[in-house]
>>> print(open('my_file.cif').read())   # mmCIF, C-alpha atoms and all ligand atoms
data_entry
#
loop_
_atom_site.label_atom_id
_atom_site.label_comp_id
_atom_site.auth_asym_id
_atom_site.auth_seq_id
_atom_site.Cartn_x
_atom_site.Cartn_y
_atom_site.Cartn_z
CA MET A 89 -18.68 1.74 -12.08
CA GLU A 90 -19.84 4.34 -9.54
CA PRO A 91 -16.87 6.20 -7.99
CA LEU A 92 -16.05 5.17 -4.44
CA VAL A 93 -15.55 7.92 -1.86
CA VAL A 94 -12.95 7.42 0.89
CA ALA A 95 -13.41 9.28 4.18
CA GLY A 96 -15.41 12.00 2.44
CA ALA A 97 -12.10 13.21 0.96
CA THR A 98 -11.02 11.08 -2.01
CA THR A 99 -13.05 10.20 -5.08
CA VAL A 100 -11.81 6.90 -6.49
CA VAL A 101 -12.59 6.36 -10.17
CA ILE A 102 -12.30 2.69 -11.20
CA GLY A 103 -12.91 1.89 -14.87
CA ARG A 104 -11.63 1.63 -18.39
CA GLU A 105 -10.39 4.44 -20.62
CA VAL A 106 -10.35 6.80 -17.65
CA LEU A 107 -7.07 8.56 -18.50
CA GLU A 108 -8.66 11.68 -19.90
CA ALA A 109 -9.49 15.13 -18.51
CA PRO A 110 -12.94 14.63 -16.96
CA SER A 111 -11.86 11.51 -15.06
CA LEU A 112 -8.39 12.86 -14.24
CA LEU A 113 -9.47 16.27 -13.01
CA GLY A 114 -12.99 15.94 -11.61
CA THR A 115 -14.00 19.45 -10.57
CA ALA A 116 -10.39 20.74 -10.34
CA ASN A 117 -9.44 23.54 -12.70
CA PRO A 118 -5.74 24.20 -11.94
CA PRO A 119 -3.69 26.79 -13.84
CA LEU A 120 -0.74 24.34 -13.89
CA VAL A 121 -0.41 20.58 -13.50
CA ALA A 122 2.86 18.92 -12.48
CA VAL A 123 2.90 15.29 -13.59
CA ILE A 124 5.29 13.23 -11.45
CA ALA A 125 6.26 9.81 -12.81
CA SER A 126 9.21 7.46 -13.10
CA PRO A 127 10.62 6.55 -16.53
CA ALA A 128 9.14 3.04 -16.08
CA VAL A 129 5.61 4.43 -16.60
CA ALA A 130 6.51 7.14 -19.13
CA ALA A 131 4.03 5.77 -21.67
CA ILE A 132 1.14 6.03 -19.18
CA ALA A 133 2.31 9.51 -18.11
CA ASP A 134 2.27 10.46 -21.82
CA ARG A 135 -1.38 9.36 -22.02
CA VAL A 136 -2.19 11.42 -18.91
CA VAL A 137 -0.49 14.53 -20.35
CA GLN A 138 -2.36 13.98 -23.62
CA GLY A 139 -5.60 13.54 -21.68
CA LEU A 140 -5.10 16.96 -20.06
CA GLY A 141 -5.37 18.62 -23.48
CA GLU A 142 -4.18 22.24 -23.78
CA ARG A 143 -3.72 22.78 -20.01
CA PRO A 144 -0.17 23.91 -19.00
CA VAL A 145 1.71 20.82 -17.80
CA GLY A 146 5.22 20.32 -16.41
CA ARG A 147 6.77 16.90 -16.01
CA ILE A 148 8.99 15.73 -13.18
CA ALA A 149 10.87 12.41 -13.37
CA VAL A 150 11.55 10.47 -10.18
CA PRO A 151 13.35 7.14 -9.64
CA ASP A 152 11.34 3.95 -10.05
CA GLY A 153 10.10 1.97 -7.05
CA GLU A 154 11.34 2.25 -3.46
CA ALA A 155 14.41 4.21 -4.66
CA ALA A 156 12.07 7.22 -5.00
CA LYS A 157 11.26 7.26 -1.31
CA THR A 158 14.20 9.28 -0.02
CA LEU A 159 14.65 12.77 1.38
CA GLU A 160 17.03 13.42 -1.56
CA THR A 161 14.20 12.74 -4.03
CA VAL A 162 11.90 14.99 -1.98
CA ASP A 163 14.52 17.75 -2.29
CA ALA A 164 14.91 17.25 -6.06
CA THR A 165 11.12 17.16 -6.60
CA VAL A 166 10.57 20.35 -4.60
CA ARG A 167 13.27 22.11 -6.60
CA ALA A 168 11.62 20.92 -9.83
CA LEU A 169 8.27 22.32 -8.62
CA ASN A 170 10.02 25.63 -7.87
CA ALA A 171 11.43 25.61 -11.41
CA LEU A 172 7.89 25.15 -12.78
CA ALA A 173 6.68 28.03 -10.55
CA MET A 174 4.01 25.78 -9.03
CA THR A 175 1.50 27.74 -6.96
CA ARG A 176 -0.96 26.68 -4.25
CA ASP A 177 -3.84 26.55 -6.71
CA GLY A 178 -1.87 24.18 -8.95
CA LEU A 179 -2.30 20.41 -9.06
CA ILE A 180 0.18 17.56 -8.78
CA ILE A 181 -0.75 14.37 -10.60
CA ALA A 182 1.38 11.41 -9.54
CA VAL A 183 1.46 8.56 -12.04
CA GLY A 184 2.79 5.27 -10.72
CA GLY A 185 2.61 2.69 -7.97
CA GLY A 186 2.69 3.08 -4.21
CA SER A 187 6.28 4.33 -4.05
CA THR A 188 5.61 7.20 -6.45
CA THR A 189 2.32 8.12 -4.79
CA ASP A 190 3.92 7.92 -1.29
CA LEU A 191 6.67 10.30 -2.41
CA ALA A 192 4.47 12.66 -4.44
CA GLY A 193 1.81 12.67 -1.72
CA PHE A 194 4.43 13.68 0.86
CA VAL A 195 5.73 16.44 -1.41
CA ALA A 196 2.16 17.63 -2.05
CA ALA A 197 1.40 17.60 1.70
CA THR A 198 4.38 19.81 2.49
CA TYR A 199 5.13 21.95 -0.59
CA LEU A 200 3.76 25.46 0.10
CA ARG A 201 2.17 23.74 3.14
CA GLY A 202 -0.11 21.78 0.86
CA VAL A 203 -0.97 21.50 -2.84
CA GLN A 204 -3.82 19.35 -4.18
CA VAL A 205 -2.76 15.95 -5.49
CA HIS A 206 -4.40 13.30 -7.69
CA TYR A 207 -3.01 9.81 -8.24
CA VAL A 208 -3.13 7.75 -11.43
CA VAL A 209 -2.35 4.31 -10.11
CA THR A 210 -0.39 1.89 -12.30
CA THR A 211 0.12 -1.08 -9.98
CA LEU A 212 -2.28 -3.40 -8.18
CA VAL A 213 -0.57 -2.74 -4.80
CA GLY A 214 -1.20 0.95 -5.33
CA ALA A 215 -4.80 0.37 -6.42
CA VAL A 216 -5.84 -1.88 -3.55
CA ASP A 217 -3.88 -0.26 -0.76
CA ALA A 218 -0.96 2.16 -1.00
CA ALA A 219 -2.58 5.00 -2.95
CA ILE A 220 -5.76 5.06 -0.85
CA GLY A 221 -6.12 6.45 2.66
CA GLY A 222 -3.72 9.39 2.73
CA LYS A 223 -0.58 7.82 4.15
CA THR A 224 2.40 9.49 2.49
CA GLY A 225 6.07 9.37 3.28
CA VAL A 226 9.64 8.32 2.62
CA ASN A 227 12.10 5.86 4.15
CA VAL A 228 14.68 7.21 6.60
CA GLY A 229 16.45 4.38 8.40
CA ALA A 230 13.32 2.21 8.20
CA LYS A 231 10.24 2.11 6.01
CA ASN A 232 7.95 5.17 5.98
CA LEU A 233 9.43 6.70 9.14
CA VAL A 234 8.97 10.27 7.84
CA GLY A 235 5.60 11.16 6.40
CA ALA A 236 2.25 12.88 6.68
CA PHE A 237 -1.41 11.91 6.60
CA ARG A 238 -3.07 13.72 3.69
CA HIS A 239 -5.74 12.38 1.37
CA PRO A 240 -5.35 12.71 -2.39
CA ALA A 241 -8.42 14.45 -3.76
CA ARG A 242 -8.79 11.90 -6.54
CA VAL A 243 -7.47 8.45 -7.43
CA VAL A 244 -7.88 7.12 -10.95
CA ILE A 245 -7.55 3.36 -11.50
CA ASP A 246 -7.61 2.21 -15.13
CA LEU A 247 -8.42 -1.51 -15.19
CA GLY A 248 -6.92 -1.81 -18.68
CA VAL A 249 -3.57 -0.64 -17.26
CA LEU A 250 -3.78 -3.14 -14.37
CA GLU A 251 -4.72 -6.01 -16.69
CA GLY A 252 -1.54 -5.35 -18.68
CA LEU A 253 0.69 -5.83 -15.62
CA PRO A 254 3.21 -8.69 -15.55
CA PRO A 255 2.28 -11.62 -13.24
CA ALA A 256 4.91 -10.62 -10.65
CA LEU A 257 3.20 -7.25 -10.12
CA LEU A 258 -0.26 -8.86 -10.07
CA ARG A 259 0.97 -11.27 -7.37
CA ASP A 260 2.37 -8.38 -5.38
CA GLY A 261 -0.97 -6.57 -5.39
CA ALA A 262 -2.86 -9.78 -4.71
CA ALA A 263 -1.00 -10.11 -1.39
CA GLU A 264 -2.34 -6.71 -0.26
CA ALA A 265 -5.84 -7.46 -1.52
CA LEU A 266 -5.76 -10.80 0.30
CA LYS A 267 -4.73 -8.93 3.45
CA ALA A 268 -7.86 -6.78 3.10
CA GLY A 269 -9.84 -10.02 2.79
CA PHE A 270 -8.29 -11.54 5.91
CA VAL A 271 -9.04 -8.49 8.05
CA GLY A 272 -12.41 -7.49 6.63
CA ASP A 273 -13.88 -9.48 3.74
CA PRO A 274 -14.05 -13.31 3.94
CA GLU A 275 -15.65 -13.38 0.45
CA LEU A 276 -12.55 -11.78 -1.03
CA VAL A 277 -10.44 -14.57 0.51
CA ALA A 278 -12.88 -17.11 -0.97
CA LEU A 279 -12.67 -15.41 -4.39
CA TYR A 280 -8.89 -15.80 -4.40
CA GLU A 281 -9.17 -19.41 -3.18
CA ARG A 282 -11.48 -20.13 -6.12
CA ASP A 283 -9.92 -18.10 -8.93
CA GLY A 284 -6.35 -17.36 -7.85
CA LEU A 285 -4.68 -14.65 -9.92
CA ALA A 286 -7.43 -14.94 -12.55
CA ALA A 287 -9.90 -13.29 -10.13
CA ASP A 288 -11.73 -10.38 -11.77
CA LEU A 289 -9.60 -7.27 -11.11
CA GLY A 290 -12.52 -4.84 -10.95
CA THR A 291 -14.11 -6.98 -8.21
CA VAL A 292 -10.83 -7.41 -6.32
CA VAL A 293 -10.05 -3.68 -6.38
CA ARG A 294 -13.54 -2.61 -5.35
CA ARG A 295 -13.83 -5.18 -2.52
CA ALA A 296 -10.33 -4.45 -1.13
CA LEU A 297 -10.91 -0.70 -1.31
CA THR A 298 -14.27 -1.00 0.40
CA VAL A 299 -12.56 -2.68 3.40
CA LYS A 300 -9.92 0.03 3.44
CA ALA A 301 -12.35 2.92 2.96
CA ASP A 302 -14.50 1.74 5.90
CA VAL A 303 -11.53 1.53 8.25
CA VAL A 304 -9.91 4.79 7.11
CA GLY A 305 -13.28 6.55 7.38
CA ARG A 306 -13.36 5.64 11.08
CA ASP A 307 -9.68 6.12 11.93
CA PHE A 308 -7.77 8.25 9.41
CA THR A 309 -4.67 8.96 11.52
CA GLU A 310 -4.32 5.46 12.93
CA THR A 311 -5.08 6.19 16.55
CA GLY A 312 -6.44 2.65 16.85
CA GLU A 313 -8.44 0.56 14.40
CA ARG A 314 -6.51 1.49 11.24
CA ALA A 315 -3.54 -0.53 12.46
CA ILE A 316 -5.47 -3.67 11.39
CA LEU A 317 -4.60 -2.76 7.79
CA ASN A 318 -1.03 -3.67 8.71
CA TYR A 319 -1.86 -7.38 8.98
CA GLY A 320 1.27 -9.22 7.86
CA HIS A 321 3.33 -6.03 7.84
CA THR A 322 5.23 -6.25 11.16
CA VAL A 323 7.27 -9.20 9.92
CA GLY A 324 6.64 -8.24 6.27
CA HIS A 325 8.26 -4.78 6.38
CA ALA A 326 11.33 -6.19 8.15
CA VAL A 327 11.72 -9.06 5.67
CA GLU A 328 11.16 -6.70 2.74
CA ILE A 329 14.10 -4.53 3.83
CA VAL A 330 16.45 -7.26 5.05
CA ALA A 331 15.82 -9.76 2.22
CA GLY A 332 15.30 -7.15 -0.50
CA ILE A 333 12.12 -8.84 -1.79
CA SER A 334 9.04 -7.02 -3.07
CA HIS A 335 6.41 -5.56 -0.73
CA GLY A 336 3.74 -8.09 -1.71
CA GLU A 337 6.09 -11.06 -1.44
CA ALA A 338 7.09 -9.85 2.02
CA VAL A 339 3.49 -9.24 3.15
CA ALA A 340 2.58 -12.79 2.07
CA VAL A 341 5.36 -14.17 4.29
CA GLY A 342 4.33 -11.76 7.05
CA MET A 343 0.73 -13.00 6.95
CA VAL A 344 1.90 -16.59 7.45
CA ALA A 345 3.98 -15.42 10.45
CA ALA A 346 0.95 -13.54 11.79
CA ALA A 347 -1.21 -16.65 11.36
CA GLU A 348 1.24 -18.58 13.54
CA ALA A 349 1.25 -15.78 16.15
CA SER A 350 -2.58 -15.78 16.02
CA ARG A 351 -2.64 -19.52 16.74
CA LEU A 352 -0.47 -18.95 19.82
CA VAL A 353 -2.23 -15.84 21.14
CA THR A 354 -5.90 -15.98 20.08
CA GLY A 355 -6.17 -19.70 19.43
CA PHE A 356 -7.40 -19.11 15.84
CA SER A 357 -5.54 -21.69 13.81
CA ASP A 358 -5.70 -20.79 10.11
CA ARG A 359 -2.17 -21.55 9.00
CA ARG A 360 -3.19 -24.20 6.45
CA ARG A 361 -5.70 -21.92 4.74
CA HIS A 362 -3.17 -19.07 4.68
CA ASP A 363 -0.53 -21.32 3.13
CA ALA A 364 -2.94 -22.69 0.53
CA VAL A 365 -4.36 -19.39 -0.72
CA ILE A 366 -0.94 -17.69 -0.73
CA ALA A 367 0.50 -20.58 -2.74
CA ARG A 368 -2.56 -20.44 -5.07
CA LEU A 369 -1.53 -16.84 -5.85
CA GLY A 370 1.98 -18.04 -6.73
CA LEU A 371 3.54 -16.43 -3.65
CA GLU A 372 6.05 -17.99 -1.23
CA VAL A 373 5.02 -18.84 2.34
CA SER A 374 8.61 -18.77 3.70
CA ALA A 375 11.22 -16.03 3.69
CA PRO A 376 14.42 -16.36 1.67
CA PRO A 377 17.53 -16.98 3.83
CA VAL A 378 17.97 -13.90 6.04
CA ASP A 379 19.83 -12.88 9.19
CA ALA A 380 17.23 -13.36 11.95
CA ALA A 381 18.90 -10.79 14.23
CA ARG A 382 18.59 -8.13 11.53
CA VAL A 383 14.93 -8.96 10.95
CA GLU A 384 14.23 -8.72 14.70
CA SER A 385 16.10 -5.44 14.96
CA MET A 386 14.15 -4.01 12.00
CA MET A 387 10.89 -5.21 13.61
CA SER A 388 11.75 -3.23 16.74
CA LEU A 389 11.29 -0.05 14.62
CA ASP A 390 7.74 -1.04 13.66
CA LYS A 391 5.40 1.93 14.02
CA LYS A 392 2.83 -0.12 15.98
CA ARG A 393 5.30 -0.62 18.86
CA ASP A 394 4.54 1.13 22.13
CA ARG A 395 6.45 1.47 25.40
CA SER A 396 5.52 -2.04 26.43
CA GLY A 397 7.01 -3.55 23.27
CA LEU A 398 6.04 -4.98 19.92
CA ARG A 399 2.42 -5.17 18.79
CA MET A 400 1.09 -7.28 15.94
CA VAL A 401 -2.20 -7.56 14.09
CA LEU A 402 -3.59 -11.02 14.80
CA LEU A 403 -6.80 -12.77 13.76
CA GLU A 404 -9.52 -14.16 16.00
CA ALA A 405 -11.31 -15.28 12.82
CA ILE A 406 -11.24 -14.27 9.16
CA GLY A 407 -12.62 -10.74 9.19
CA ARG A 408 -12.04 -10.36 12.96
CA PRO A 409 -8.60 -8.79 13.55
CA ARG A 410 -7.14 -7.56 16.82
CA VAL A 411 -4.00 -5.52 17.52
CA THR A 412 -2.18 -6.90 20.51
CA GLY A 413 1.19 -6.95 22.30
CA VAL A 414 3.29 -10.04 21.60
CA ASP A 415 6.10 -11.44 23.72
CA ALA A 416 9.54 -12.45 22.48
CA ALA A 417 8.71 -16.17 22.42
CA THR A 418 5.67 -15.54 20.18
CA VAL A 419 7.77 -13.41 17.83
CA ARG A 420 10.41 -16.15 17.64
CA SER A 421 7.78 -18.80 16.85
CA ALA A 422 6.15 -16.56 14.23
CA LEU A 423 9.52 -16.01 12.56
CA ALA A 424 10.40 -19.71 12.78
CA ALA A 425 7.11 -20.50 10.99
CA VAL A 426 8.46 -18.68 7.93
CA GLY A 427 11.96 -20.16 8.22
CA ILE A 428 13.66 -17.30 10.07
CA ARG A 429 15.66 -18.75 12.97
CA ARG A 430 18.59 -17.46 14.99
CA GLN A 431 21.73 -19.66 14.85
CA GLN A 432 22.20 -21.49 18.19
N1 LIG B 1 -1.31 0.24 4.28
C1 LIG B 1 -1.95 0.38 5.53
C2 LIG B 1 -2.69 1.67 5.70
O1 LIG B 1 -2.86 2.40 4.76
O2 LIG B 1 -3.09 1.98 6.79
#
>>> encode(input="my_file.cif", output="structure tokens", more="lines below")
Ligand code: GLY
Amino acid sequence: MEPLVVAGATTVVIGREVLEAPSLLGTANPPLVAVIASPAVAAIADRVVQGLGERPVGRIAVPDGEAAKTLETVDATVRALNALAMTRDGLIIAVGGGSTTDLAGFVAATYLRGVQVHYVVTTLVGAVDAAIGGKTGVNVGAKNLVGAFRHPARVVIDLGVLEGLPPALLRDGAAEALKAGFVGDPELVALYERDGLAADLGTVVRRALTVKADVVGRDFTETGERAILNYGHTVGHAVEIVAGISHGEAVAVGMVAAAEASRLVTGFSDRRRHDAVIARLGLEVSAPPVDAARVESMMSLDKKRDRSGLRMVLLEAIGRPRVTGVDAATVRSALAAVGIRRQQ
């Protein structure tokens, strides 16, 4: 497959057997590579280190998943880079899913005021969304509140690695890919309706990334249009934190809530289709039991809010999103649609 280029800044290599030097490095020729990975993907990090051949490599272990996204882990990672004597002409390669790439990308954006970073993506969420587009950051009080916009120079997606993922991780990524379909690619929605989780991963990744690359190319720092990529995330992020479910599970629930808000605000009534395709992917369309007040309070920290209040991404049609202010009654109805109700 031809590499995809995002915003003129990131070369995305999608293929098989791509964990070796030419694919990993592109034109980079760093004197030192720091490979950042959690123990959960140690075997893939081993392949990456092997693929780098004789080049000097240091390894830095970080916690798995969301636990990596803390200022404490940033501190530990920076100290580990110091210990390796990383210099500005060095390269960081982050191996992992969105949490690892968010953390490593933030470290790379700030260490020595910026060191080049490449990502080797090991989850479908990372491949179709999190690792692409240069959003980096950690959680401080709420999700991703501290971060920086900085593109990785290269993203390597090995389809063989993705095909080996357990169904739970494939479902998680499918929620983000479906989101890309809802906001920008009706054929991707149709593909999931037809094939469910068996949909060809190369096609899913390329289609979802094409939606994302187009949007990020026009609005890198989210001054406007890029917010559409947060479809399902206003409710989703809050439910993810309060209920402790995975990002994809939460985004699936959030998209159902957004479909209900869309019905009320834009008149586009697509709830049944949302429910059906989300269920086809083996994802839930309702939240687990949660404290509604906590979800609402977490939603009030959403980054799309402005002085006039909460804003949500809604649909006027599949592929026609709009970011708009929503009133308290709409938020309550959207939450009720996914089973989140305040006690009377
Ligand atoms: N995940 C949404 C974005 O990258 O803008």
>>> residues_around(input="my_file.cif", residues="Glu90 in chain A", least_positions_apart="2", cutoff="9 Å", atoms="all atoms listed in the file", output="ChimeraX atom specification")
/A:92,100-102
>>> write_last_selection(input="my_file.cif", atoms="C-alpha atoms", output="compact mmCIF listing (two decimals), keeping the file's coordinate frame")
# COMPACT_ATOMS: atom_id res chain seq x y z
CA LEU A 92 -16.05 5.17 -4.44
CA VAL A 100 -11.81 6.90 -6.49
CA VAL A 101 -12.59 6.36 -10.17
CA ILE A 102 -12.30 2.69 -11.20
>>> residues_near_ligand(input="my_file.cif", ligand="ligand LIG 1 (chain B)", cutoff="8 Å", atoms="all atoms listed in the file", output="CSV table (one decimal) with C-alpha atoms, in the frame of the given file")
chain,number,residue,atom,x,y,z
A,217,ASP,CA,-3.9,-0.3,-0.8
A,218,ALA,CA,-1.0,2.2,-1.0
A,220,ILE,CA,-5.8,5.1,-0.8
A,221,GLY,CA,-6.1,6.4,2.7
A,222,GLY,CA,-3.7,9.4,2.7
A,223,LYS,CA,-0.6,7.8,4.2
A,300,LYS,CA,-9.9,0.0,3.4
A,304,VAL,CA,-9.9,4.8,7.1
A,310,GLU,CA,-4.3,5.5,12.9
A,314,ARG,CA,-6.5,1.5,11.2
A,315,ALA,CA,-3.5,-0.5,12.5
A,316,ILE,CA,-5.5,-3.7,11.4
A,317,LEU,CA,-4.6,-2.8,7.8
A,318,ASN,CA,-1.0,-3.7,8.7
>>> closest_residue(input="my_file.cif", among="A:Gly370, A:Gly193, A:Pro376, A:Gly103", to="Ile181 in chain A", atoms="all atoms listed in the file")
A:Gly193
>>> atom_distance(input="my_file.cif", atom1="CA of Val93 in chain A", atom2="CA of Ala301 in chain A")
7.6 Å
>>> closest_residue(input="my_file.cif", among="A:Ser357, A:Thr298, A:Thr211, A:Asn227", to="Pro255 in chain A", atoms="all atoms listed in the file")
A:Thr211
>>> residues_around(input="my_file.cif", residues="Asp163 in chain A", least_positions_apart="3", cutoff="12 Å", atoms="all atoms listed in the file", output="list in words")
Val150, Ala156, Lys157, Thr158, Leu159, Glu160, Val166, Arg167, Ala168, Leu169, Asn170, Leu191, Ala192, Phe194, Val195, Thr198, Tyr199 and Val226 of chain A
>>> write_last_selection(input="my_file.cif", atoms="C-alpha atoms", output="compact mmCIF listing (two decimals), in the coordinates of the input")
# COMPACT_ATOMS: atom_id res chain seq x y z
CA VAL A 150 11.55 10.47 -10.18
CA ALA A 156 12.07 7.22 -5.00
CA LYS A 157 11.26 7.26 -1.31
CA THR A 158 14.20 9.28 -0.02
CA LEU A 159 14.65 12.77 1.38
CA GLU A 160 17.03 13.42 -1.56
CA VAL A 166 10.57 20.35 -4.60
CA ARG A 167 13.27 22.11 -6.60
CA ALA A 168 11.62 20.92 -9.83
CA LEU A 169 8.27 22.32 -8.62
CA ASN A 170 10.02 25.63 -7.87
CA LEU A 191 6.67 10.30 -2.41
CA ALA A 192 4.47 12.66 -4.44
CA PHE A 194 4.43 13.68 0.86
CA VAL A 195 5.73 16.44 -1.41
CA THR A 198 4.38 19.81 2.49
CA TYR A 199 5.13 21.95 -0.59
CA VAL A 226 9.64 8.32 2.62
>>> residues_around(input="my_file.cif", residues="range 410-427 of chain A", least_positions_apart="2", cutoff="10 Å", atoms="all atoms listed in the file", output="count of residues only")
52
>>> closest_residue(input="my_file.cif", among="A:Ala230, A:Ala296, A:Ala116, A:Val244", to="Phe270 in chain A", atoms="all atoms listed in the file")
A:Ala296
>>> atom_distance(input="my_file.cif", atom1="CA of Asn232 in chain A", atom2="CA of Asp273 in chain A")
26.4 Å
>>> atom_distance(input="my_file.cif", atom1="CA of Thr161 in chain A", atom2="CA of Gly225 in chain A")
11.4 Å
>>> closest_residue(input="my_file.cif", among="A:Leu369, A:Val234, A:Glu328, A:Ala338", to="Ala287 in chain A", atoms="only C-alpha atoms")
A:Leu369
>>> closest_residue(input="my_file.cif", among="A:Gln431, A:Thr115, A:Ser334, A:Thr309", to="Gly235 in chain A", atoms="all atoms listed in the file")
A:Thr309
>>> residues_near_point(input="my_file.cif", point="(-2.5, 1.5, -18.6)", cutoff="10 Å", atoms="only C-alpha atoms", output="number ranges by chain")
A: 104-107, 129, 131-133, 135-136, 208-211, 245-253
>>> residues_around(input="my_file.cif", residues="range 142-149 of chain A", least_positions_apart="2", cutoff="12 Å", atoms="all atoms listed in the file", output="PDB file with C-alpha atoms, keeping the file's coordinate frame")
ATOM      1  CA  ALA A 109      -9.490  15.130 -18.510  1.00  0.00           C
ATOM      2  CA  LEU A 113      -9.470  16.270 -13.010  1.00  0.00           C
ATOM      3  CA  ALA A 116     -10.390  20.740 -10.340  1.00  0.00           C
ATOM      4  CA  ASN A 117      -9.440  23.540 -12.700  1.00  0.00           C
ATOM      5  CA  PRO A 118      -5.740  24.200 -11.940  1.00  0.00           C
ATOM      6  CA  PRO A 119      -3.690  26.790 -13.840  1.00  0.00           C
ATOM      7  CA  LEU A 120      -0.740  24.340 -13.890  1.00  0.00           C
ATOM      8  CA  VAL A 121      -0.410  20.580 -13.500  1.00  0.00           C
ATOM      9  CA  ALA A 122       2.860  18.920 -12.480  1.00  0.00           C
ATOM     10  CA  VAL A 123       2.900  15.290 -13.590  1.00  0.00           C
ATOM     11  CA  ILE A 124       5.290  13.230 -11.450  1.00  0.00           C
ATOM     12  CA  ALA A 125       6.260   9.810 -12.810  1.00  0.00           C
ATOM     13  CA  SER A 126       9.210   7.460 -13.100  1.00  0.00           C
ATOM     14  CA  PRO A 127      10.620   6.550 -16.530  1.00  0.00           C
ATOM     15  CA  ALA A 128       9.140   3.040 -16.080  1.00  0.00           C
ATOM     16  CA  VAL A 129       5.610   4.430 -16.600  1.00  0.00           C
ATOM     17  CA  ALA A 130       6.510   7.140 -19.130  1.00  0.00           C
ATOM     18  CA  ALA A 133       2.310   9.510 -18.110  1.00  0.00           C
ATOM     19  CA  ASP A 134       2.270  10.460 -21.820  1.00  0.00           C
ATOM     20  CA  VAL A 136      -2.190  11.420 -18.910  1.00  0.00           C
ATOM     21  CA  VAL A 137      -0.490  14.530 -20.350  1.00  0.00           C
ATOM     22  CA  GLN A 138      -2.360  13.980 -23.620  1.00  0.00           C
ATOM     23  CA  GLY A 139      -5.600  13.540 -21.680  1.00  0.00           C
ATOM     24  CA  LEU A 140      -5.100  16.960 -20.060  1.00  0.00           C
ATOM     25  CA  PRO A 151      13.350   7.140  -9.640  1.00  0.00           C
ATOM     26  CA  ASP A 152      11.340   3.950 -10.050  1.00  0.00           C
ATOM     27  CA  ALA A 156      12.070   7.220  -5.000  1.00  0.00           C
ATOM     28  CA  THR A 161      14.200  12.740  -4.030  1.00  0.00           C
ATOM     29  CA  VAL A 162      11.900  14.990  -1.980  1.00  0.00           C
ATOM     30  CA  ALA A 164      14.910  17.250  -6.060  1.00  0.00           C
ATOM     31  CA  THR A 165      11.120  17.160  -6.600  1.00  0.00           C
ATOM     32  CA  VAL A 166      10.570  20.350  -4.600  1.00  0.00           C
ATOM     33  CA  ARG A 167      13.270  22.110  -6.600  1.00  0.00           C
ATOM     34  CA  ALA A 168      11.620  20.920  -9.830  1.00  0.00           C
ATOM     35  CA  LEU A 169       8.270  22.320  -8.620  1.00  0.00           C
ATOM     36  CA  ASN A 170      10.020  25.630  -7.870  1.00  0.00           C
ATOM     37  CA  ALA A 171      11.430  25.610 -11.410  1.00  0.00           C
ATOM     38  CA  LEU A 172       7.890  25.150 -12.780  1.00  0.00           C
ATOM     39  CA  ALA A 173       6.680  28.030 -10.550  1.00  0.00           C
ATOM     40  CA  MET A 174       4.010  25.780  -9.030  1.00  0.00           C
ATOM     41  CA  GLY A 178      -1.870  24.180  -8.950  1.00  0.00           C
ATOM     42  CA  LEU A 179      -2.300  20.410  -9.060  1.00  0.00           C
ATOM     43  CA  ILE A 180       0.180  17.560  -8.780  1.00  0.00           C
ATOM     44  CA  ILE A 181      -0.750  14.370 -10.600  1.00  0.00           C
ATOM     45  CA  ALA A 182       1.380  11.410  -9.540  1.00  0.00           C
ATOM     46  CA  VAL A 183       1.460   8.560 -12.040  1.00  0.00           C
ATOM     47  CA  GLY A 184       2.790   5.270 -10.720  1.00  0.00           C
ATOM     48  CA  THR A 188       5.610   7.200  -6.450  1.00  0.00           C
ATOM     49  CA  LEU A 191       6.670  10.300  -2.410  1.00  0.00           C
ATOM     50  CA  ALA A 192       4.470  12.660  -4.440  1.00  0.00           C
TER      51      ALA A 192
END
